[in-house]
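Have a look at the structure below, then the notes.
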Amino acid sequence: MFRWKLHGNGRTVEPGAVVAPGERLNWGATVAIGLQHVIAMFGATFLVPVLTKFPVSTTLLFSGIGTLLFLLVTKNRLPSYLGSSFAFIAPITAATTMAGTGSALAGIVAVGVLLAVIGVIVQFAGLGWVDKVMPPVVAGAIVALIGFNLAPVAWSNFQLQPLPGTITLVAVILFSVLFRGFLGRISIFLGVIVGYVATVIIQAVSGETLIDFDAVAQAPWVGLPTFQIADFTTPATWSVIAMFLPVVLVLVAENVGHVRGVAAMTDATANRSTGRALIADGVATTLAGTFGGSGTTTYGENIGVMAATRVYSTAVYWVAGLTAIVLSLSPKVGAVFNTIPPGVLGGVTTALYGLIGIIGIKIWVDNRVDFSRPVNQYTGAVALVLAIAGFTMQWGDFQLGAIVLGSVAALLIYHLGNAIARARKTGADDGGPIPAVGPLGGDPS
């Protein structure tokens, strides 16, 4: 498992070639590319615990451990970094308010267990059943509502410090359009840096305390992260867990997309490891949630680094995972990230939460969902309004939040609506993707 074949001369990648998962460059280049993967994942991975008030160091630790577990479970055949998943932000935020951090961690554990179970099923039965239960119109609605449900959270932070928030938001957008390649892909990370520096300058000029550095000065350079055990005993936990289950769909989509991307660039046989990838991410998420970290997922940022470098070696991910673990053992690093002011968070999340919603809409566009059909219209419309408005239903101590209600609504409207429309032959059902009108880029024939 730990024997990588040296690619070519070990220093360069030939034109048109890639460094396969079972290959590596020389160890100097391998370490350098591994550190680049750490930089790529860092912007998003630290942002999730900052937004959810989880310990940054703890999340970073389980991110590194999860990456190493992923490599072991997939038998070193799938290059991937497991970072914090944005899909957990909405349920964690709501669950922490309702029942506390321990219950939120229990929700993360539940997602991890369910994802691992789905991985076992996929390993033996394939992915077809997932597509039938959650076709594109449903999948897109659920992914979109997870992002749009967080809109009030972004506003609540933004309005506390509007100027830093505006500077951060503008910086994120500018970086994404000014730069190509790697710098463009880390525009959120760069935007946070610009917003942070701007806040420091505003504080110096105005004399108003916007950032408190006392905790950074007092934090030791070396120490263990803070751990907290998931709480399954509090009665409210079980209503909280229901809020987390729709996140599984996002994790399945991200993992499957990652595997297919790697297979397209390296070897089609990588698709055979799809089930193992889901199992690995499920185990990593379960472990993180059990001891106080955020749920994990395969990272698009790192896919971008692989595409840019053409190095798909799993050896670089061992370097990245081990580096993340080392960084997590510095409480001072975590303290620095905890000083990020609310205005900066408000600015970056205005873009980030919206982007999560746009990913769901992209699923509709990519699959050419026919929104002239009433079933598809109401599947998306009702789910999104429930999420954006923050609908809730409560029976005693048991409460269902907007994410659960929106997801259930999407599933029920789609499947029951299709059954009724087809039985009545009204034409309101989902007729499938809209067929292409003509040749791509040309006039209809």
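Just so we're on the same page: first chain in the structure tokens is A, next is B, and so on; residues restart at 1 for each chain, and ligands are numbered from 1 in the order they show up.
Within the 7 Å cut-off around stretch 54-67 of chain A, using only C-alpha atoms and omitting residues fewer than 6 positions from it on the same chain, the listed residues are Phe46, Tyr81, Leu82, Gly83, Ser84, Pro225, Thr226, Phe227, Ala284, Ala288, Gly292, Gly293, Ser294, Thr296, Gly321, Leu322, Ala324, Ile325, Ser328, Leu329, Pro331 and Gly334 of chain A.
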Spatial neighbours of A:His37, 10 Å, only C-alpha atoms, chain gap at least 4 places, as a list of chain:residue names: A:Val31, A:Ala32, A:Ile33, A:Met41, A:Phe42, A:Ser80, A:Tyr81, A:Glu301, A:Asn302, A:Ile303, A:Gly304, A:Val305, A:Met306, A:Val316, A:Tyr317, A:Val319, A:Ala320, A:Gly321, A:Thr323
Nearest to A:Leu405, chosen from A:Ala20, A:Met98, A:Ala204, A:Val385, with only C-alpha atoms counted in the distances: A:Val385
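Nearest residue to A:Asp281 among A:Leu416, A:Ala90, A:Leu69, A:Leu174 is A:Leu69, counting only C-alpha atoms.
Of the listed residues (A:Pro49, A:Gly140, A:Gly417, A:Gly126), A:Pro49 comes nearest to A:Ile92; the distances count only C-alpha atoms.
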All alpha helix (DSSP H) residues (DSSP, backbone) inside stretch 233-294 of chain A, as a PyMOL selection string: chain A and resi 237-244+247-265+274-291
Using only N, CA and C atoms, please write the residues we just selected to a file, as a compact mmCIF listing (two decimals), in the first residue's frame.
```txt
# COMPACT_ATOMS: atom_id res chain seq x y z
N THR A 237 -32.00 16.01 21.55
CA THR A 237 -31.02 15.55 20.56
C THR A 237 -31.69 14.87 19.38
N TRP A 238 -32.74 14.12 19.64
CA TRP A 238 -33.33 13.30 18.57
C TRP A 238 -34.09 14.14 17.55
N SER A 239 -34.64 15.26 17.98
CA SER A 239 -35.23 16.17 16.99
C SER A 239 -34.14 16.89 16.23
N VAL A 240 -33.01 17.12 16.89
CA VAL A 240 -31.87 17.77 16.24
C VAL A 240 -31.29 16.87 15.15
N ILE A 241 -31.20 15.57 15.44
CA ILE A 241 -30.62 14.63 14.47
C ILE A 241 -31.37 14.67 13.15
N ALA A 242 -32.69 14.81 13.20
CA ALA A 242 -33.48 14.85 11.97
C ALA A 242 -33.06 16.00 11.08
N MET A 243 -32.59 17.10 11.67
CA MET A 243 -32.16 18.25 10.89
C MET A 243 -30.91 17.96 10.08
N PHE A 244 -30.12 17.01 10.53
CA PHE A 244 -28.83 16.73 9.89
C PHE A 244 -28.93 15.75 8.71
N VAL A 247 -28.14 16.38 4.99
CA VAL A 247 -26.74 16.65 4.65
C VAL A 247 -26.11 15.45 3.95
N VAL A 248 -26.63 14.26 4.24
CA VAL A 248 -26.08 13.04 3.63
C VAL A 248 -26.11 13.14 2.11
N LEU A 249 -27.18 13.72 1.58
CA LEU A 249 -27.29 13.86 0.12
C LEU A 249 -26.14 14.68 -0.44
N VAL A 250 -25.79 15.76 0.25
CA VAL A 250 -24.70 16.61 -0.21
C VAL A 250 -23.39 15.85 -0.19
N LEU A 251 -23.14 15.11 0.89
CA LEU A 251 -21.89 14.36 1.00
C LEU A 251 -21.79 13.27 -0.05
N VAL A 252 -22.91 12.61 -0.35
CA VAL A 252 -22.91 11.59 -1.40
C VAL A 252 -22.55 12.24 -2.74
N ALA A 253 -23.18 13.38 -3.04
CA ALA A 253 -22.92 14.06 -4.31
C ALA A 253 -21.47 14.50 -4.41
N GLU A 254 -20.93 15.05 -3.31
CA GLU A 254 -19.54 15.53 -3.34
C GLU A 254 -18.55 14.38 -3.51
N ASN A 255 -18.76 13.30 -2.80
CA ASN A 255 -17.85 12.16 -2.91
C ASN A 255 -17.91 11.50 -4.28
N VAL A 256 -19.13 11.30 -4.79
CA VAL A 256 -19.28 10.69 -6.10
C VAL A 256 -18.65 11.57 -7.18
N GLY A 257 -18.88 12.87 -7.10
CA GLY A 257 -18.29 13.79 -8.06
C GLY A 257 -16.77 13.77 -8.00
N HIS A 258 -16.23 13.68 -6.80
CA HIS A 258 -14.78 13.63 -6.62
C HIS A 258 -14.20 12.38 -7.28
N VAL A 259 -14.82 11.23 -7.00
CA VAL A 259 -14.32 9.97 -7.56
C VAL A 259 -14.38 10.00 -9.09
N ARG A 260 -15.47 10.50 -9.62
CA ARG A 260 -15.61 10.56 -11.09
C ARG A 260 -14.58 11.50 -11.70
N GLY A 261 -14.29 12.59 -11.01
CA GLY A 261 -13.27 13.52 -11.50
C GLY A 261 -11.90 12.89 -11.54
N VAL A 262 -11.53 12.17 -10.48
CA VAL A 262 -10.25 11.49 -10.44
C VAL A 262 -10.18 10.40 -11.52
N ALA A 263 -11.28 9.66 -11.67
CA ALA A 263 -11.31 8.60 -12.68
C ALA A 263 -11.13 9.15 -14.09
N ALA A 264 -11.74 10.31 -14.34
CA ALA A 264 -11.63 10.91 -15.68
C ALA A 264 -10.21 11.34 -15.99
N MET A 265 -9.46 11.75 -14.96
CA MET A 265 -8.10 12.25 -15.18
C MET A 265 -7.04 11.17 -15.07
N THR A 274 -15.98 3.94 -5.41
CA THR A 274 -16.98 4.91 -4.95
C THR A 274 -17.55 4.53 -3.59
N GLY A 275 -17.92 3.28 -3.44
CA GLY A 275 -18.47 2.82 -2.16
C GLY A 275 -17.48 2.99 -1.03
N ARG A 276 -16.22 2.64 -1.29
CA ARG A 276 -15.19 2.80 -0.27
C ARG A 276 -15.00 4.27 0.12
N ALA A 277 -15.11 5.16 -0.86
CA ALA A 277 -14.97 6.59 -0.57
C ALA A 277 -16.07 7.06 0.38
N LEU A 278 -17.30 6.61 0.13
CA LEU A 278 -18.42 6.99 0.99
C LEU A 278 -18.25 6.41 2.39
N ILE A 279 -17.81 5.16 2.46
CA ILE A 279 -17.57 4.53 3.77
C ILE A 279 -16.50 5.31 4.53
N ALA A 280 -15.42 5.65 3.83
CA ALA A 280 -14.31 6.35 4.47
C ALA A 280 -14.74 7.71 5.01
N ASP A 281 -15.48 8.47 4.20
CA ASP A 281 -15.94 9.78 4.65
C ASP A 281 -16.93 9.62 5.81
N GLY A 282 -17.75 8.58 5.74
CA GLY A 282 -18.69 8.32 6.84
C GLY A 282 -17.97 8.02 8.14
N VAL A 283 -16.94 7.19 8.07
CA VAL A 283 -16.17 6.86 9.28
C VAL A 283 -15.46 8.10 9.81
N ALA A 284 -14.87 8.89 8.92
CA ALA A 284 -14.16 10.11 9.34
C ALA A 284 -15.12 11.10 9.99
N THR A 285 -16.30 11.27 9.41
CA THR A 285 -17.30 12.18 9.98
C THR A 285 -17.79 11.70 11.33
N THR A 286 -18.00 10.39 11.45
CA THR A 286 -18.44 9.82 12.73
C THR A 286 -17.40 10.05 13.82
N LEU A 287 -16.14 9.82 13.49
CA LEU A 287 -15.06 10.01 14.46
C LEU A 287 -14.96 11.48 14.87
N ALA A 288 -15.03 12.38 13.90
CA ALA A 288 -14.94 13.80 14.21
C ALA A 288 -16.09 14.25 15.10
N GLY A 289 -17.31 13.85 14.75
CA GLY A 289 -18.47 14.25 15.54
C GLY A 289 -18.45 13.68 16.96
N THR A 290 -17.92 12.50 17.11
CA THR A 290 -17.88 11.85 18.43
C THR A 290 -17.05 12.64 19.42
N PHE A 291 -15.97 13.27 18.93
CA PHE A 291 -15.03 13.91 19.85
C PHE A 291 -14.93 15.43 19.70
```
Atom-to-atom span, atom CA of A:Ala198 and atom CA of A:Gly147, Å: 26.9 Å
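A straight line drawn from atom CA of A:Tyr299 to atom CA of A:Ser85 is 8.4 Å long.
Straight-line separation from atom CA of A:Ile361 to atom CA of A:Ile142: 9.9 Å.
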Determine, using only C-alpha atoms, which residues of stretch 202-232 of chain A have any atom at most 12 Å from an atom of stretch 185-197 of chain A, and tabulate each with its shortest atom pair and distance in Å to one decimal place, rows ordered by chain and then rising number, as CSV.
```
residue,atom,partner,partner_atom,distance
A:Ile202,CA,A:Val197,CA,8.7
A:Gln203,CA,A:Val197,CA,9.8
A:Ala204,CA,A:Val197,CA,10.7
A:Leu210,CA,A:Tyr196,CA,10.1
A:Ile211,CA,A:Tyr196,CA,9.1
```
Written selection (C-alpha atoms) as a PDB file, in the first residue's frame:
```
ATOM      1  CA  ILE A 202      -9.996  50.523  10.894  1.00  0.00           C
ATOM      2  CA  GLN A 203      -9.382  49.662  14.552  1.00  0.00           C
ATOM      3  CA  ALA A 204      -6.070  51.543  14.551  1.00  0.00           C
ATOM      4  CA  LEU A 210     -12.932  45.395  16.816  1.00  0.00           C
ATOM      5  CA  ILE A 211     -10.430  42.563  17.385  1.00  0.00           C
TER       6      ILE A 211
END
```
Who sits within 9 Å of A:Trp221, only C-alpha atoms, same chain under 2 positions skipped, as a PyMOL selection string: chain A and resi 219+223+329-333
For the residues selected in the previous step, produce a file with C-alpha atoms as a PDB file, in the first residue's frame.
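After the write, again.pdb holds the following:
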```pdb
ATOM      1  CA  ALA A 219      -2.469  30.746  24.065  1.00  0.00           C
ATOM      2  CA  GLY A 223      -0.928  21.799  23.234  1.00  0.00           C
ATOM      3  CA  LEU A 329      -1.376  20.809  18.000  1.00  0.00           C
ATOM      4  CA  SER A 330      -0.822  24.586  18.270  1.00  0.00           C
ATOM      5  CA  PRO A 331      -3.541  26.322  20.334  1.00  0.00           C
ATOM      6  CA  LYS A 332      -2.102  29.669  19.216  1.00  0.00           C
ATOM      7  CA  VAL A 333      -3.088  28.868  15.605  1.00  0.00           C
TER       8      VAL A 333
END
```
